[in-house]
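*Asks:* Sharing a structure below in structure tokens format, with a few things to ask.
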Amino acid sequence: MRQLSEADRDAIRLAQAPQFRRWLEQVAATGGCAHPVHLSGSATTRDAATGEVLHHYDTRDEPGERLSVRCRNRRATVCVPCSRLHAGDTFHLVRAGLLGGKTVPATVRDRPRLFITLTAPSFGPVHRAGDRCRPRRVRAECEHSRPLGCGAVHGTNGSLVGQPLCVACYDYPAHALWHAHAGKLWDRFAVGVRRYLASAVGLAQSRFPDHARLSFARVAEYQKRAAVHVHAVMRLDGPAGPDDEPPAWGTTELMSDAVRASAHRVVVRTAYSPAVGELALRWGVQVDARPLRADGLGPDDEAVAAYVAKYVTKGAGETGAGTDYRLATSDDIDAAPVADHVRALMRTCWNLGVLPEYGPLRLRAWAHTLGYRGHILTKSRAYSTTYAALRADRAAHVGVEPEPGTVTEAHWRYMGSGYTPGAALIASGIADDLALSREFARDEMRPAGGGAA
């Protein structure tokens, strides 16, 4: 007879508890969140005019005298159910900026729009997937006696893909510092696009906001070589934003020219360091700007929104380009489950982080993401709705938002987070059931021909 595991015994204990059914309702309400936050306290809703108590809730009546709420972590490696919810919100956020909805007019789909990709520059040759990696007619070696070429054919997930041909030749300080300045590179890139557009039509750069507004949503993705590149949706509106038509001179072709010109021109210089010198940081030479067209001849809008949403749930740990937790000591770098190339980047961030000239970059605090300290997804204010608005809409849909004319007084105290082994097992099953139910619902909504609903 098979001996029950600790998780099985714990699950049986929970199932025999008097309030097990109510506990299941709480888990289902969190969507099967893997690491819920537990709160104790109460909430009282009163009529704003009369002070009459309309509703009172107290966790003393709940299992364990606590209420569980979602952790809301976007990373799939931390919480799959919450990451699915975050990806869904991101899809609707990006989609609204492309097709309208969520307070954005449907006319935005006829505006000049681009799907752009900006890459990191080369910091040294790395192994590549696909055809022969780096073929050379004549064998040659670098100054460290390492081959400058590689005639092998690596699979997409090959262990060597993205790894330097010579670790000693690879410019790790430049890689780490490029990551630390990637946010500034994007800001200057966006400014450069506006300046190019203004100059191209004879406007003073300071007058551009009087004629047009540039809106965007961008997401960062780690490549195999552990370097971030950026995918972004960019749209041109009138000066008032999505409710305003762009000027007649605002065309997709002009925007594409502006994107390419700005990407090649922008430069960010690092602070001078006796150890590294002063570096001039730029985008990589590969720049892609694809028009998004309402006539369906360009990339599909919903596919672009789904593509962007896919990447917001991936932390550095899931892609292998770092960890999803901060590194407290240099020993944590040695213990991190990453490739040697990534470990070398972490170590570079750690070592550069003690230099006073790089103090503002907080390289040690961001060593787990290889120096990159930007948000995975950022957007301009006028692009579309916000995560907060989407959450408020969801709360109103399920009836947890306060009704107009009422006032709610709440007092909550943090009691911990996470599950016991048995509770985690049950919650995982509930999360899978909910995901399957949503998939069945989507299948029923699709047309008989199999197209997207």
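Following the order of the structure tokens, chains are lettered A, B, ..., residues in each are numbered from 1, and ligands are numbered from 1.
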Within 7 Å of segment 21-37 of chain A, counting only C-alpha atoms, which residues qualify if same-chain residues fewer than 5 places away don't, as an MDAnalysis selection string?
*Replies:* chainID A and resid 63 68:71 79 81:82 416:419 424 427:428 430:431
*Asks:* Could you dump the residues just selected with N, CA, C and O atoms as a short mmCIF file (atom, residue, chain, number, x, y, z; two decimals), in the first residue's frame?
*Replies:*
data_model
loop_
_atom_site.label_atom_id
_atom_site.label_comp_id
_atom_site.auth_asym_id
_atom_site.auth_seq_id
_atom_site.Cartn_x
_atom_site.Cartn_y
_atom_site.Cartn_z
N PRO A 63 -12.82 30.79 7.71
CA PRO A 63 -11.89 29.74 8.13
C PRO A 63 -10.54 30.34 8.54
O PRO A 63 -9.96 31.13 7.80
N SER A 68 -8.45 35.51 2.27
CA SER A 68 -7.35 35.36 1.31
C SER A 68 -7.64 36.17 0.06
O SER A 68 -8.76 36.13 -0.48
N VAL A 69 -6.64 36.93 -0.42
CA VAL A 69 -6.78 37.72 -1.64
C VAL A 69 -5.61 37.39 -2.57
O VAL A 69 -4.60 36.83 -2.16
N ARG A 70 -5.75 37.71 -3.83
CA ARG A 70 -4.74 37.40 -4.83
C ARG A 70 -3.40 38.07 -4.51
O ARG A 70 -3.36 39.18 -4.01
N CYS A 71 -2.31 37.39 -4.89
CA CYS A 71 -0.99 37.99 -4.73
C CYS A 71 -0.70 38.98 -5.86
O CYS A 71 0.12 39.88 -5.72
N CYS A 79 3.40 32.69 -9.72
CA CYS A 79 1.98 32.36 -9.58
C CYS A 79 1.34 32.30 -10.96
O CYS A 79 1.10 33.35 -11.58
N PRO A 81 -1.84 31.37 -11.92
CA PRO A 81 -3.16 31.97 -12.06
C PRO A 81 -3.13 33.50 -12.13
O PRO A 81 -3.81 34.10 -12.96
N CYS A 82 -2.32 34.14 -11.28
CA CYS A 82 -2.27 35.60 -11.31
C CYS A 82 -1.55 36.10 -12.55
O CYS A 82 -1.87 37.17 -13.07
N GLY A 416 -0.02 36.95 6.79
CA GLY A 416 0.88 35.99 6.17
C GLY A 416 0.50 35.75 4.71
O GLY A 416 -0.38 36.42 4.16
N SER A 417 1.16 34.79 4.08
CA SER A 417 0.88 34.47 2.68
C SER A 417 1.24 33.02 2.39
O SER A 417 1.94 32.37 3.17
N GLY A 418 0.73 32.53 1.28
CA GLY A 418 1.06 31.17 0.86
C GLY A 418 0.13 30.11 1.43
O GLY A 418 -0.85 30.41 2.12
N TYR A 419 0.44 28.84 1.14
CA TYR A 419 -0.39 27.71 1.53
C TYR A 419 0.44 26.64 2.24
O TYR A 419 1.66 26.57 2.08
N ALA A 424 -1.98 23.93 -1.06
CA ALA A 424 -1.39 24.26 -2.37
C ALA A 424 -1.84 23.26 -3.42
O ALA A 424 -2.10 23.62 -4.58
N ALA A 427 -5.50 24.07 -4.26
CA ALA A 427 -5.58 25.33 -4.98
C ALA A 427 -5.12 25.16 -6.42
O ALA A 427 -5.69 25.74 -7.35
N SER A 428 -4.07 24.36 -6.63
CA SER A 428 -3.58 24.11 -7.98
C SER A 428 -4.64 23.42 -8.84
O SER A 428 -4.82 23.76 -10.01
N ILE A 430 -7.91 23.66 -8.41
CA ILE A 430 -8.95 24.66 -8.68
C ILE A 430 -8.51 25.59 -9.80
O ILE A 430 -9.28 25.93 -10.70
N ALA A 431 -7.24 26.02 -9.76
CA ALA A 431 -6.72 26.90 -10.81
C ALA A 431 -6.79 26.23 -12.17
O ALA A 431 -7.18 26.85 -13.17
#
*Asks:* If we count only C-alpha atoms and set the cut-off at 8 Å, which residues sit around Arg136 of chain A, ignoring sequence neighbours fewer than 2 positions away in its own chain? Please answer as number ranges by chain.
*Replies:* A: 134, 138-139, 149-151
*Asks:* I'd like the contact shell of Ala321 of chain A - 12 Å cut-off, only C-alpha atoms, skipping same-chain residues fewer than 2 positions apart - returned as number ranges by chain.
*Replies:* A: 162-163, 221-228, 314-319, 323-324, 336-346, 367-372
*Asks:* Take the selection from the previous step and output its residues with C-alpha atoms, as a PDB file, in the first residue's frame.
*Replies:*
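result_23.pdb, written as the output of this step:
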ATOM      1  CA  GLY A 162      23.630  32.867 -26.867  1.00  0.00           C
ATOM      2  CA  GLN A 163      26.902  32.013 -25.124  1.00  0.00           C
ATOM      3  CA  GLU A 221      12.189  40.744 -23.758  1.00  0.00           C
ATOM      4  CA  TYR A 222      15.422  38.933 -22.948  1.00  0.00           C
ATOM      5  CA  GLN A 223      17.128  37.380 -25.958  1.00  0.00           C
ATOM      6  CA  LYS A 224      19.121  34.155 -25.874  1.00  0.00           C
ATOM      7  CA  ARG A 225      22.313  36.169 -25.349  1.00  0.00           C
ATOM      8  CA  ALA A 226      20.730  37.603 -22.164  1.00  0.00           C
ATOM      9  CA  ALA A 227      20.370  41.064 -23.724  1.00  0.00           C
ATOM     10  CA  VAL A 228      17.080  42.935 -23.585  1.00  0.00           C
ATOM     11  CA  LYS A 314       7.983  36.122 -18.117  1.00  0.00           C
ATOM     12  CA  GLY A 315      10.467  37.136 -15.473  1.00  0.00           C
ATOM     13  CA  ALA A 316      14.211  36.982 -15.878  1.00  0.00           C
ATOM     14  CA  GLY A 317      14.199  33.600 -14.136  1.00  0.00           C
ATOM     15  CA  GLU A 318      11.838  31.959 -16.619  1.00  0.00           C
ATOM     16  CA  THR A 319      13.878  33.080 -19.635  1.00  0.00           C
ATOM     17  CA  THR A 323      16.480  35.227 -11.342  1.00  0.00           C
ATOM     18  CA  ASP A 324      13.082  36.361 -10.075  1.00  0.00           C
ATOM     19  CA  ALA A 336      21.881  30.936  -8.851  1.00  0.00           C
ATOM     20  CA  PRO A 337      20.548  28.297 -11.316  1.00  0.00           C
ATOM     21  CA  VAL A 338      21.761  30.136 -14.433  1.00  0.00           C
ATOM     22  CA  ALA A 339      24.224  29.633 -17.280  1.00  0.00           C
ATOM     23  CA  ASP A 340      27.834  30.727 -16.863  1.00  0.00           C
ATOM     24  CA  HIS A 341      27.290  33.652 -19.264  1.00  0.00           C
ATOM     25  CA  VAL A 342      24.428  34.988 -17.133  1.00  0.00           C
ATOM     26  CA  ARG A 343      26.410  34.395 -13.949  1.00  0.00           C
ATOM     27  CA  ALA A 344      29.270  36.451 -15.417  1.00  0.00           C
ATOM     28  CA  LEU A 345      26.837  39.307 -16.095  1.00  0.00           C
ATOM     29  CA  MET A 346      25.533  39.110 -12.528  1.00  0.00           C
ATOM     30  CA  ALA A 367      22.133  42.205 -10.515  1.00  0.00           C
ATOM     31  CA  HIS A 368      19.407  39.529 -10.615  1.00  0.00           C
ATOM     32  CA  THR A 369      18.053  41.116 -13.836  1.00  0.00           C
ATOM     33  CA  LEU A 370      21.551  41.744 -15.226  1.00  0.00           C
ATOM     34  CA  GLY A 371      21.384  45.466 -14.565  1.00  0.00           C
ATOM     35  CA  TYR A 372      18.067  46.073 -16.355  1.00  0.00           C
TER      36      TYR A 372
END
*Asks:* Would you mind telling me which residue in A:His211, A:Lys379, A:Arg60, A:His411 lies nearest to Pro246 of chain A when using only C-alpha atoms?
*Replies:*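 Of all the options, A:His211 lies closest to Pro246 of chain A.
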*Asks:* DSSP on the backbone, alpha helix (DSSP H) only: what residues of segment 307-361 of chain A does that give? Format it as a PyMOL selection string.
*Replies:* chain A and resi 307-312+316-319+330-335+340-352
*Asks:* Could you pull out the strand (DSSP E or B) residues of segment 18-242 of chain A from DSSP and send them as number ranges by chain?
*Replies:* A: 37-47, 53-58, 67-69, 101, 104, 113-118, 126-127, 129, 134, 141, 147, 150, 154, 161, 164, 213-222, 228-238, 241
*Asks:* Might you pull out every residue within 10 Å of Leu254 of chain A, with only C-alpha atoms counted and same-chain residues fewer than 2 positions away left off, and present them as a ChimeraX atom specification?
*Replies:* /A:112,193,196-197,200-201,249-252,256-259
*Asks:* Neighbouring residues of segment 234-241 of chain A were defined as those with any atom within 8 Å, considering only C-alpha atoms; residues of the same chain fewer than 4 positions away were excluded. Please report them as a count of residues only.
*Replies:* 22
*Asks:* Could you name the residues that touch Leu118 of chain A at 8 Å or less, counting only C-alpha atoms, but leaving out those on the same chain fewer than 2 positions away, as a ChimeraX atom specification?
*Replies:* /A:116,120,229-231,263,283-284,286-288
*Asks:* Hey, which of A:Ile376, A:Ala261, A:Val104, A:Val191 ends up closest to Val285 of chain A? Count only C-alpha atoms.
*Replies:*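 Under the stated criterion, the closest residue is A:Ala261.
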*Asks:* Looking at only C-alpha atoms, which of A:Tyr325, A:Tyr311, A:Trp178, A:Tyr414 is the one that sits closest to Leu361 of chain A?
*Replies:*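 Distance minimum relative to Leu361 of chain A lands on A:Trp178.
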*Asks:* Tell me which of A:Arg347, A:Arg132, A:Ser42, A:Leu355 sits closest to Asp61 of chain A, counting only C-alpha atoms.
*Replies:* A:Ser42
*Asks:* Which residues are close to Ala365 of chain A, i.e. within 12 Å by only C-alpha atoms, leaving aside same-chain residues fewer than 6 positions away? Reply as a ChimeraX atom specification.
*Replies:* /A:180,325-330,346,349-354,359,371-373
*Asks:* Could you dump the residues just selected with all heavy atoms as a short mmCIF file (atom, residue, chain, number, x, y, z; two decimals), in the first residue's frame?
*Replies:*
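Wrote it out as again.cif, contents follow:
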data_model
loop_
_atom_site.label_atom_id
_atom_site.label_comp_id
_atom_site.auth_asym_id
_atom_site.auth_seq_id
_atom_site.Cartn_x
_atom_site.Cartn_y
_atom_site.Cartn_z
N ALA A 180 21.50 48.95 -17.77
CA ALA A 180 21.20 49.96 -16.76
C ALA A 180 20.72 51.27 -17.38
O ALA A 180 20.03 52.05 -16.72
CB ALA A 180 22.42 50.21 -15.88
N TYR A 325 14.37 36.72 -8.04
CA TYR A 325 14.58 37.21 -6.67
C TYR A 325 15.89 37.97 -6.62
O TYR A 325 16.81 37.73 -7.40
CB TYR A 325 14.62 36.03 -5.68
CG TYR A 325 15.65 34.98 -6.04
CD1 TYR A 325 16.99 35.08 -5.61
CD2 TYR A 325 15.30 33.87 -6.80
CE1 TYR A 325 17.93 34.12 -5.94
CE2 TYR A 325 16.23 32.91 -7.14
CZ TYR A 325 17.54 33.03 -6.70
OH TYR A 325 18.47 32.09 -7.05
N ARG A 326 15.98 38.93 -5.72
CA ARG A 326 17.18 39.75 -5.60
C ARG A 326 18.32 38.95 -4.96
O ARG A 326 18.10 38.02 -4.21
CB ARG A 326 16.88 41.00 -4.77
CG ARG A 326 15.84 41.89 -5.44
CD ARG A 326 15.96 43.32 -5.02
NE ARG A 326 15.04 44.16 -5.75
CZ ARG A 326 15.21 45.44 -5.99
NH1 ARG A 326 16.30 46.03 -5.55
NH2 ARG A 326 14.32 46.14 -6.67
N LEU A 327 19.52 39.35 -5.30
CA LEU A 327 20.71 38.70 -4.78
C LEU A 327 21.23 39.49 -3.58
O LEU A 327 21.55 40.68 -3.71
CB LEU A 327 21.78 38.63 -5.87
CG LEU A 327 21.31 37.99 -7.19
CD1 LEU A 327 22.36 38.17 -8.27
CD2 LEU A 327 20.99 36.51 -6.98
N ALA A 328 21.29 38.84 -2.44
CA ALA A 328 21.68 39.55 -1.21
C ALA A 328 23.19 39.58 -1.02
O ALA A 328 23.74 40.53 -0.47
CB ALA A 328 21.02 38.90 0.00
N THR A 329 23.88 38.53 -1.46
CA THR A 329 25.33 38.45 -1.31
C THR A 329 25.94 37.89 -2.59
O THR A 329 25.23 37.34 -3.45
CB THR A 329 25.72 37.53 -0.14
OG1 THR A 329 25.37 36.17 -0.47
CG2 THR A 329 24.99 37.93 1.15
N SER A 330 27.26 37.99 -2.68
CA SER A 330 27.94 37.45 -3.86
C SER A 330 27.81 35.92 -3.91
O SER A 330 27.87 35.33 -5.00
CB SER A 330 29.41 37.86 -3.86
OG SER A 330 30.06 37.35 -2.70
N MET A 346 25.88 38.80 -13.92
CA MET A 346 25.53 39.11 -12.53
C MET A 346 26.76 39.57 -11.75
O MET A 346 26.72 40.57 -11.01
CB MET A 346 24.93 37.87 -11.85
CG MET A 346 23.56 37.47 -12.33
SD MET A 346 23.02 35.97 -11.44
CE MET A 346 21.31 35.88 -11.98
N CYS A 349 27.73 43.09 -12.70
CA CYS A 349 26.87 44.08 -12.04
C CYS A 349 27.28 44.25 -10.57
O CYS A 349 27.33 45.37 -10.05
CB CYS A 349 25.41 43.65 -12.12
SG CYS A 349 24.69 43.74 -13.77
N TRP A 350 27.57 43.13 -9.93
CA TRP A 350 27.94 43.17 -8.51
C TRP A 350 29.25 43.93 -8.30
O TRP A 350 29.36 44.77 -7.39
CB TRP A 350 28.07 41.74 -7.99
CG TRP A 350 28.10 41.64 -6.50
CD1 TRP A 350 29.19 41.58 -5.69
CD2 TRP A 350 26.97 41.63 -5.63
NE1 TRP A 350 28.81 41.51 -4.37
CE2 TRP A 350 27.45 41.54 -4.31
CE3 TRP A 350 25.59 41.66 -5.84
CZ2 TRP A 350 26.60 41.50 -3.19
CZ3 TRP A 350 24.75 41.62 -4.74
CH2 TRP A 350 25.26 41.54 -3.45
N ASN A 351 30.21 43.69 -9.16
CA ASN A 351 31.51 44.35 -9.02
C ASN A 351 31.45 45.83 -9.39
O ASN A 351 32.05 46.68 -8.71
CB ASN A 351 32.56 43.64 -9.89
CG ASN A 351 32.86 42.23 -9.39
OD1 ASN A 351 32.64 41.92 -8.22
ND2 ASN A 351 33.35 41.38 -10.28
N LEU A 352 30.71 46.17 -10.45
CA LEU A 352 30.58 47.57 -10.84
C LEU A 352 29.73 48.36 -9.85
O LEU A 352 29.87 49.58 -9.72
CB LEU A 352 29.96 47.69 -12.24
CG LEU A 352 30.78 47.16 -13.42
CD1 LEU A 352 30.00 47.32 -14.71
CD2 LEU A 352 32.11 47.88 -13.51
N GLY A 353 28.86 47.64 -9.15
CA GLY A 353 27.94 48.31 -8.23
C GLY A 353 28.61 49.00 -7.06
O GLY A 353 28.00 49.87 -6.42
N VAL A 354 29.85 48.66 -6.74
CA VAL A 354 30.53 49.30 -5.62
C VAL A 354 31.26 50.57 -6.05
O VAL A 354 31.74 51.33 -5.20
CB VAL A 354 31.55 48.34 -4.96
CG1 VAL A 354 30.84 47.11 -4.43
CG2 VAL A 354 32.65 47.95 -5.95
N GLY A 359 26.96 54.55 -8.68
CA GLY A 359 26.05 54.44 -7.55
C GLY A 359 24.59 54.66 -7.92
O GLY A 359 23.71 53.88 -7.49
N GLY A 371 21.25 44.02 -14.48
CA GLY A 371 21.38 45.47 -14.56
C GLY A 371 20.17 46.17 -15.12
O GLY A 371 20.04 47.39 -14.97
N TYR A 372 19.27 45.44 -15.79
CA TYR A 372 18.07 46.07 -16.35
C TYR A 372 17.11 46.41 -15.23
O TYR A 372 16.70 45.55 -14.47
CB TYR A 372 17.39 45.14 -17.36
CG TYR A 372 16.16 45.77 -17.99
CD1 TYR A 372 16.30 46.77 -18.94
CD2 TYR A 372 14.89 45.38 -17.60
CE1 TYR A 372 15.18 47.36 -19.51
CE2 TYR A 372 13.77 45.96 -18.17
CZ TYR A 372 13.92 46.96 -19.12
OH TYR A 372 12.81 47.55 -19.67
N ARG A 373 16.74 47.69 -15.13
CA ARG A 373 15.91 48.11 -14.01
C ARG A 373 14.61 48.78 -14.45
O ARG A 373 13.96 49.47 -13.66
CB ARG A 373 16.70 49.05 -13.10
CG ARG A 373 17.32 50.24 -13.79
CD ARG A 373 18.47 50.84 -12.98
NE ARG A 373 19.06 51.99 -13.64
CZ ARG A 373 18.84 53.25 -13.32
NH1 ARG A 373 18.04 53.53 -12.33
NH2 ARG A 373 19.43 54.24 -13.97
#
*Asks:* So which one's closest to Asp171 of chain A, A:Ala392, A:Leu93, A:Pro125, A:Val308? Using only C-alpha atoms, please.
*Replies:*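 Going through A:Ala392, A:Leu93, A:Pro125, A:Val308 one by one, the smallest distance to Asp171 of chain A is for A:Pro125.
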